[in-house]
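Notes follow the structure.
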There are 2 protein chains.
Amino acid sequence: MTTIFDAPEEFAATALAGFCRIYPNHVRLVANGVVRATTVPKGKVSVVVGGGSGHYPAFAGYVGPGLADAAVAGDVFASPSTAAVARVCRHAHHGGGIILGFGNYAGDVLNFGVAAERLRAEGIDVRIVAVTDDVASAPAASHAMRRGIAGDLVVFKIAGAAAEAGLSLDEVERVARLANDRTVSFGVAFAGCTLPGAREPLFTVPKGRMALGLGIHGEPGISEQDIASASDLAALLADKLLAEKPADCTRVAAVLNGLGSTKYEELFVLWTAVEKKLKAAGLDLVQPEAGEYVTSLDMQGCSLTLTWLTDELERYWTAPCDAPAFRKGRTVAADLRTDTIADEEAAPNIPAATEISRRTAICIRDLFAEIAALLKDQEAELGRIDAVAGDGDHGQGMRRGAEAAAKAMAAAVDAGAGAQTTLALGGDAWADRAGGTSGAIWGLLLRSWSNAFSDSEAPDDKAVTEGAQLALDGVTRLGRARVGDKTLVDALVPFVETLKAEAAAGKPLLDAWTSAANAADAAAKATSSLTPRLGRARPLAEKSIGHPDAGAVSLAMVAQLVAGFIGKGR
Amino acid sequence: MTTIFDAPEEFAATALAGFCRIYPNHVRLVANGVVRATTVPKGKVSVVVGGGSGHYPAFAGYVGPGLADAAVAGDVFASPSTAAVARVCRHAHHGGGIILGFGNYAGDVLNFGVAAERLRAEGIDVRIVAVTDDVASAPAASHAMRRGIAGDLVVFKIAGAAAEAGLSLDEVERVARLANDRTVSFGVAFAGCTLPGAREPLFTVPKGRMALGLGIHGEPGISEQDIASASDLAALLADKLLAEKPADCTRVAAVLNGLGSTKYEELFVLWTAVEKKLKAAGLDLVQPEAGEYVTSLDMQGCSLTLTWLTDELERYWTAPCDAPAFRKGRTVAADLRTDTIADEEAAPNIPAATEISRRTAICIRDLFAEIAALLKDQEAELGRIDAVAGDGDHGQGMRRGAEAAAKAMAAAVDAGAGAQTTLALGGDAWADRAGGTSGAIWGLLLRSWSNAFSDSEAPDDKAVTEGAQLALDGVTRLGRARVGDKTLVDALVPFVETLKAEAAAGKPLLDAWTSAANAADAAAKATSSLTPRLGRARPLAEKSIGHPDAGAVSLAMVAQLVAGFIGKGR
């Protein structure tokens, strides 16, 4: 959805004006476009790029030293007019002639082409470079018929660097054409884009499906398939392009381009898989980029662009540039570190333990294997409860923490650890792997509890009860939550108090624990009537009324499981 | 939707690894985070930032000279563990102590806090700076209780610059706290975000509504209202923050932050309105930023951050820095232009015209006023037809072009223009304002047609027919479309041929034109059976089958209107 606008028909012009207010050291606004805000040597070839709006940073974000001299901006997804192209070119001409770069679309070919004729008639030497990188739009034999998509960035960058290096108009044109001839792109879309003021997207992709061979103006693609995993998507994109790899090519520039709504983190995930594929094909990656470079409003999807480098193309691809949305080179002088960074993690220190404590450790290990299984089962349910008032990650954190604890405990047992060490290392692993608040709390809880145990004696019922109190102390001291805050503490306090009271009354551990677990259960349910006061959930008070706290619920769950475990005579 | 991933639980770690592959000159991957890839002076205070993942570029994108020394990354929306924070800090310590910066959330407070204690025990001086900028989360009197959102960027930037300037740990801590005390943010959400692997977003906002006071972990906000226009939204955000402006403050740093799926162009549109509001409040904007700085996965929405600058804070806010996602300073040395850029547009030259030709010009002006009204009426319908196989902008372009032509013609008539000049200037205005392919085509069509008219004589029927042929020639010569390409040419050719044939057969203009318009109509409808071969629509052949071409349809519409106009005796 395109959501922020005043008059839809002013969207493109207002966006351009706002962009110029943010980047006054890079660009100046002129009618229908922008020119560099910085001085340009007389006689330098000018690189003027452009097309419809809605593709930011294409094209205004490319203007700056080492890249374009100016950009012409049409309305959203509409070619700028002939008059607009000619007008911006006149501002951007520094006596060295002009390279006019744009994506190969009928409207742009027409308007830039007629503008070039008009400028030539005025005595300005203008050369046309239409970018034709989209492999989905025509076969390799008809490269010049292809549409232009994210290959724009690489071709314009190389042309801009060649112009900045002082090459003649003929030479810049040759280099730009060479870059275009050796550039290929392929993309997929997961969801369409919506024009400012429109209520419906230009196209939709069925849920769970993706469109292959997208265009950047809401063209929905040439075929469709189920959404692939990142690895399979990487293979799909890379294989399609590798099919056109020139035999002699070993070095490529790569741009993994997000179309608007696809997250940078998704692009980085995809990049790890793309890089593997390209390296497996024998290619060296030269300064690859992952980010938003040629977008299509709020479209969700991405494309991969490869440029088969020659030495000359590599030189211009890697040259410094300084445009608002694309920079190469350093703003602060700095040397690369040359040392290796040591992985300082040492194996945990396992103190010697008695046979009896090691047997208890085995029992603890088995208990936590069951806890891990329980929390894996309950992951979705705990996530659901947490999502009401939080970010829904509680189930994931608990599952991950318990898994890590179980694994660390198994390793500790294998290394001969006693009860205290096994429980403590399990707590550390839980905290380290689960992350988040609940991970830290559970880590504190288990590590504190372990202080009531030892590596020499079997823990008696008293040690268990004492451990519970230590755990509560640890959690409340560092976690800063109090009863009534709608956290795990709301269940932990009645649990520990009941356990202590029943133990003091002489009840056997199983009975005491069962009563305590029931108290925790009741308290967890009662958190439904509370409103949270702490941390990130604070502003969600109203939403969370009527829903229990996920941390209290999971604590009660674990307590019930432990009761059953004790009941089985373990 | 978060769409690209392999194993959801590996999303954050894989994204971080991919990020490091893209930015090897800026960062190095360590366990649970990144450190600078560049050398750091011994004894410099280290600024280590972090929090959960899913907020890119927060926090790894901030690492580099002049900004952070390292970033700790938890899982998606989950605080990194205590062990993780401590581990990354040990890598990032250069002997000058550490500023630990993070947003104020329970999990982060806990984990960073416990890690700081652990590091202090190891002899590293660590200071905690929790960012508390979100005005929605607590009143101004409880600034320290607020959550941290996009204010992170400004606080960390200022702390990083102070550390880079060689300030002592005490001093960097003081400056960072001052920056935080003077930083406020407020945000809105239009749509929620989806965790990797989840099928449903963490929250939804009803269509047409927006949530105010969002959090950055899927917290849905504290209230809700109808989506506002860009101007009203700017007022909403700015007023909320201006209420906390210190009386002495005249200079502010500003960050307009996109949350993930909100387009840069939308942010630039919003910025133009925000800037107006802030200037009206007497504030000077110091290097404002608009972009994605603290995101929340694919959440749609934005926030505004203001930092009430002091001279000291301004110095550190504007100092150079070079992180992957945030740079200040130039990568290429360049001087700002100091000249003014002249607006070269001259008023059009209006040749002298006879009374009779001026009367024809008035008739042409009136005709195009009707055409403009027709195309305004039909804008939605033409957009709908175009959206099937194109980008849906045809109606908009035709409406805008016709409006501009009518306006230019009225001005030409007022200036005494004859028929030829009036039609030609109308064509130029249509092309210039409509943009796109259809704008250029209609500009060519009208300008070519005008060559059959003059500014001295009334055009006879023969001139009209000749004009039609010139128009067709102009369009096909420069537009490169042929009959059968599913473009306007498919309707224009039968129109012109019928007009000529009927005129040659001696039919009066009204009859000939009516027949021609009917032929255009029939041909436009018949484009339903064609598949497009040209330009951007090429890969959409299958989708467009069964739908007429919008350009042919609009041409036929206009031809029919002209027939009616002639019929009225004009």
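By order in the structure tokens, chains are A, B, ...; within a chain, residues start at 1; ligands start at 1, following the order shown.
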Residue contacts of Lys245 of chain B (12 Å, only C-alpha atoms) excluding same-chain residues fewer than 6 positions away, as a list in words
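In the requested format, the answer is Ala140, Asp181, Arg182, Thr183, Val184, Ser185, Ala238, Asp239, Arg251, Val252, Leu278, Ala281, Gly282, Leu283, Leu306, Thr307, Trp308 and Leu309 of chain B.
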Contact residues around Pro41 of chain A with only C-alpha atoms at 10 Å, ignoring same-chain residues under 5 positions, as a PyMOL selection string:
chain A and resi 94-96+164+166
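Closest to chain B among A:Phe453, A:Trp430, A:Phe268, A:Phe190 is A:Phe268, based on only C-alpha atoms.
Each of B:Ser223, B:Ser79, B:Ser46, B:Thr421 was checked against chain A using only C-alpha atoms; the smallest atom-to-atom distance is that of B:Ser79.
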So that I can check the surroundings of segment 407-418 of chain A, please list as a ChimeraX atom specification every protein, DNA and RNA residue that reaches within 9 Å of it, counting only C-alpha atoms and ignoring chain neighbours fewer than 3 positions away.
/A:348,350-362,364-366,368-369,402-404,421-430,454-457
Show which residues sit within 10 Å of Ile371 of chain B, as a list in words. Count only C-alpha atoms, and ignore same-chain residues fewer than 2 positions away.
Arg365, Asp366, Leu367, Phe368, Ala369, Ala373, Leu374, Leu375, Lys376, Asp377, Met398, Arg399, Ala402, Glu403, Ala405, Ala406, Met557, Val558, Ala559, Leu561, Val562 and Phe565 of chain B
Atom pair atom CA of Lys462 of chain B / atom CA of Trp442 of chain B: separation (Å):
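Going from atom CA of Lys462 of chain B over to atom CA of Trp442 of chain B covers 21.5 Å.
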